[in-house]
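J.: Below are the structure tokens for one structure; questions will follow.
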Amino acid sequence: MTQFKKATALALLMSLSGTVYSTAAVAAPDYAKIEERKNAKTKIMGERTGKKVVKAFDLYNEDKIDEAIDLLRELEPSDDFDKATVNRYLGNMYAQKEQYGEAIKYIRLAIAPDALNFKDQADLYKLLGDLYAGTSKFQDAIKTYQDWMDFTGEEDSKVYARIAQGYYELKQYSKVEEPANKAIKLEEEPNKQYHMLKIGAFFELKRYKDAVKVAETLVKLFPEDPKMWTQLGSFYMQVEEYSKGQTVMEVAYNKGYFDKENHYKILSSYYSLNDIPNKAAVVFEKAVKDGKVERNKRNVSAVASYHHQAKNLVDAAKYYEEAAKFDDDAELYRKAGSLLLTEQKFSAAVERLNKALELGTDKEGSTYSDLAEAYLYQAKYKQAYQAITKAQEDPRTRKFARGWATFIKDKAQRNGVKI
């Protein structure tokens with residue numbers, strides 16, 4: 001909130017002036033009236049009221065703010081200017097005490113007669129708008145900021161930004177863009193927050209492509225800001241522009257801009273989506289090893305999946321098994337066993353497949369079928385036949401298993417093994 005600056009009695013007396021006009025602020029800028037206000041002859045506070053106000057400020061400067069407020073509240077000036085000035089100071093003091101309800105009351109009273117000098121009246125509109133916004137009265141805040149523009153005939157980037165923020169808080173997202181654009185246009189130096197207001201509104205409106213355009217602008221305006229790169233990179237995922245997303249996230253990765261687990265996930269996802277799974281595996285595996293990504297079941301499974309996609313089957317099996325150990329996941333043990341079988345690691349495959357069966361895999365038929373094959377290639381015909389017999393109990397693999405059972409039995413007999 002705007003703070004009320006302490007002043008000496010002399011400085012106060014020099015500042016107690018205002019316009020003689022009492023017309024209410026017009027509904028739209030009346031530039032002739034505005035010039036008249038600015039150039040109007042000022043008047044000085046009445047001597048009786050002025051002396052008591054100075055005494056109140058002496059108390060205020062001694063950090064006796066409550067006593068100062070009590071003294072100001074005792075005053076009952078009849079002159080509009082004197083009354084507005086007293087109410088103005090009361091509003092400021094209550095704002096400093098963070099008693100915002102009282103502050104709003106007195107500032108509204110100060111504004112109502114339009115008796116203060118031009119600058120003081122204008123400043124009160126802004127302060128009132130800030131108080132409304134600070135107490136979540138955003139509709140009142142927006143109106144008050146608009147009143148300030150009507151009263152002064154001026155435009156201000158911060159005021160437009162506060163109006164845009166007000167609409168955002170009110171969830172009137174379609175109204176955010178216009179004042180945000182005006183704020184951006186008026187600001188001498190680029191302000192990230194003004195652009196972020198637009199992005200937030202666009203996302204709420206599901207205008208993702210528009211959000212991406214703003215994010216692209218932010219990267220151009222703030223190329224040294226890591227957040228701008230990672231933000232844009234993640235936004236491309238929303239609009240399925242995977243190639244652009246990969247390029248941006250690669251730049252951010254190489255510059256060391258990643259500071260969140262999700263950044264590594266996004267880059268690895270882009271590699272996978274763009275059919276470069278080996279890079280996905282390398283980046284994500286390194287992130288897990290380096291502690292940039294938590295070593296939990298989900299993330300270890302992702303490493304396994306990327307290696308699987310890249311046909312690094314032994315590595316994939318290793319990570320599937322590691323992921324399985326977090327909570328004895330039968331399906332992940334089955335996957336590990338199946339991949340080891342493909343890589344002709346038959347003994348290792350048997351161990352993982354049996355573990356899957358022990359833990360109660362939902363795919364018993366295919367697991368027994370793989371187990372039978374692993375035993376067969378080790379010339380363990382009896383175990384292979386027992387496994388393929390079990391595979392026949394699963395309707396999903398029954399037909400296949402019957403054919404294999406005959407083959408295994410014949411193979412065993414040719415090798416002098418009776419089944």
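Residues are referred to by chain and number: the chain letter is A, B, ... according to the order shown in the structure tokens, the number counts from 1 in that chain, and ligands are numbered separately from 1 in the order shown.
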When DSSP works through the backbone of this structure, what residues of stretch 97-138 of chain A end up as helix (DSSP H, G or I), shown as a PyMOL selection string?
T.: chain A and resi 100-111+118-134+138
J.: Excluding A:Leu340 and residues on its chain fewer than 6 positions from it, collect all residues at most 9 Å away from it, counting only C-alpha atoms, and give them as a list in words.
T.: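 Counting only C-alpha atoms, the residues come to Leu313, Val314, Ala317, Phe346, Ser347, Ala348, Ala349, Val350 and Arg352 of chain A.
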J.: Export, as a CSV table (one decimal), in the first residue's frame, the selected residues with C-alpha atoms.
T.:
chain,number,residue,atom,x,y,z
A,313,LEU,CA,16.8,-53.6,-24.4
A,314,VAL,CA,19.3,-54.7,-21.7
A,317,ALA,CA,15.3,-54.3,-18.6
A,346,PHE,CA,17.8,-66.7,-20.9
A,347,SER,CA,18.8,-67.4,-17.2
A,348,ALA,CA,18.2,-63.7,-16.3
A,349,ALA,CA,14.9,-63.8,-18.2
A,350,VAL,CA,13.8,-66.9,-16.2
A,352,ARG,CA,12.5,-62.1,-13.7
J.: Can you pull out the residues contacting A:Gln139? Cut-off 8 Å, using only C-alpha atoms, and skip same-chain residues under 2 positions away; I want them as a ChimeraX atom specification.
T.: /A:137,141-143,166-167,170
J.: How would the residues just picked look written out with C-alpha atoms as an mmCIF file, in the first residue's frame?
T.:
data_model
loop_
_atom_site.group_PDB
_atom_site.id
_atom_site.type_symbol
_atom_site.label_atom_id
_atom_site.label_comp_id
_atom_site.auth_asym_id
_atom_site.auth_seq_id
_atom_site.Cartn_x
_atom_site.Cartn_y
_atom_site.Cartn_z
ATOM 1 C CA LYS A 137 -12.625 -5.445 -4.312
ATOM 2 C CA ALA A 141 -10.642 -0.979 -8.115
ATOM 3 C CA ILE A 142 -11.155 -1.101 -11.884
ATOM 4 C CA LYS A 143 -13.786 1.624 -11.771
ATOM 5 C CA GLY A 166 -8.362 -6.823 -11.702
ATOM 6 C CA TYR A 167 -10.150 -8.419 -14.633
ATOM 7 C CA LEU A 170 -12.496 -11.435 -11.430
#
J.: Just the residues within 9 Å of A:Gly129, please, counting only C-alpha atoms, with nothing from its chain fewer than 5 positions along; format it as a PyMOL selection string.
T.: chain A and resi 124+134+138+140-145+148+162
J.: Write out the residues from the selection above, keeping N, CA and C atoms, as a PDB file, in the first residue's frame.
T.:
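Contents of part31.pdb, as written:
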ATOM      1  N   LEU A 124      -5.246  10.537  -4.848  1.00  0.00           N
ATOM      2  CA  LEU A 124      -6.207   9.810  -4.015  1.00  0.00           C
ATOM      3  C   LEU A 124      -6.971   8.768  -4.827  1.00  0.00           C
ATOM      4  N   GLY A 134      -6.168  -4.173  -3.034  1.00  0.00           N
ATOM      5  CA  GLY A 134      -5.529  -4.863  -1.919  1.00  0.00           C
ATOM      6  C   GLY A 134      -6.506  -5.570  -1.002  1.00  0.00           C
ATOM      7  N   PHE A 138     -12.073  -5.958  -6.588  1.00  0.00           N
ATOM      8  CA  PHE A 138     -11.463  -5.671  -7.880  1.00  0.00           C
ATOM      9  C   PHE A 138     -12.371  -4.874  -8.810  1.00  0.00           C
ATOM     10  N   ASP A 140     -14.499  -2.559  -7.888  1.00  0.00           N
ATOM     11  CA  ASP A 140     -14.366  -1.172  -7.430  1.00  0.00           C
ATOM     12  C   ASP A 140     -13.011  -0.601  -7.826  1.00  0.00           C
ATOM     13  N   ALA A 141     -11.985  -1.432  -7.747  1.00  0.00           N
ATOM     14  CA  ALA A 141     -10.642  -0.979  -8.115  1.00  0.00           C
ATOM     15  C   ALA A 141     -10.602  -0.567  -9.583  1.00  0.00           C
ATOM     16  N   ILE A 142     -11.159  -1.394 -10.446  1.00  0.00           N
ATOM     17  CA  ILE A 142     -11.155  -1.101 -11.884  1.00  0.00           C
ATOM     18  C   ILE A 142     -11.867   0.216 -12.162  1.00  0.00           C
ATOM     19  N   LYS A 143     -13.028   0.386 -11.554  1.00  0.00           N
ATOM     20  CA  LYS A 143     -13.786   1.624 -11.771  1.00  0.00           C
ATOM     21  C   LYS A 143     -12.996   2.839 -11.288  1.00  0.00           C
ATOM     22  N   THR A 144     -12.337   2.685 -10.144  1.00  0.00           N
ATOM     23  CA  THR A 144     -11.592   3.818  -9.585  1.00  0.00           C
ATOM     24  C   THR A 144     -10.397   4.174 -10.455  1.00  0.00           C
ATOM     25  N   TYR A 145      -9.708   3.176 -10.982  1.00  0.00           N
ATOM     26  CA  TYR A 145      -8.591   3.464 -11.890  1.00  0.00           C
ATOM     27  C   TYR A 145      -9.096   4.152 -13.158  1.00  0.00           C
ATOM     28  N   TRP A 148      -9.701   7.677 -12.373  1.00  0.00           N
ATOM     29  CA  TRP A 148      -8.445   8.432 -12.362  1.00  0.00           C
ATOM     30  C   TRP A 148      -8.091   8.900 -13.770  1.00  0.00           C
ATOM     31  N   ARG A 162      -2.898  -2.724 -13.579  1.00  0.00           N
ATOM     32  CA  ARG A 162      -3.741  -3.037 -12.418  1.00  0.00           C
ATOM     33  C   ARG A 162      -5.181  -3.327 -12.855  1.00  0.00           C
TER      34      ARG A 162
END
J.: Mind checking which residues fall within 12 Å of A:Leu218, counting only C-alpha atoms, ignoring those fewer than 2 positions away in the same chain, and posting them as an NGL selection string?
T.: :A and (184 or 190-196 or 198-199 or 211-216 or 220-232)
J.: Quick one: everything within 8 Å of A:Ser366, counting only C-alpha atoms, minus sequence neighbours fewer than 3 positions away in the same chain. Send it as a PyMOL selection string.
T.: chain A and resi 363+369-370+391+397
J.: Would you kindly return, as a list in words, each protein, DNA or RNA residue with an atom no farther than 12 Å from any atom of A:Gln238, considering only C-alpha atoms and excluding same-chain residues fewer than 5 positions away?
T.: Phe203, Lys206, Arg207, Tyr208, Lys209, Asp210, Ala211, Val212, Gln231, Leu232, Gly233, Lys244, Gly245, Ile266 and Tyr270 of chain A
J.: Considering only C-alpha atoms, state which residue in the set A:Thr367, A:Asn262, A:Asn312, A:Gln146 is at the smallest distance from A:Gln392.
T.: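 Distance minimum relative to A:Gln392 lands on A:Thr367.
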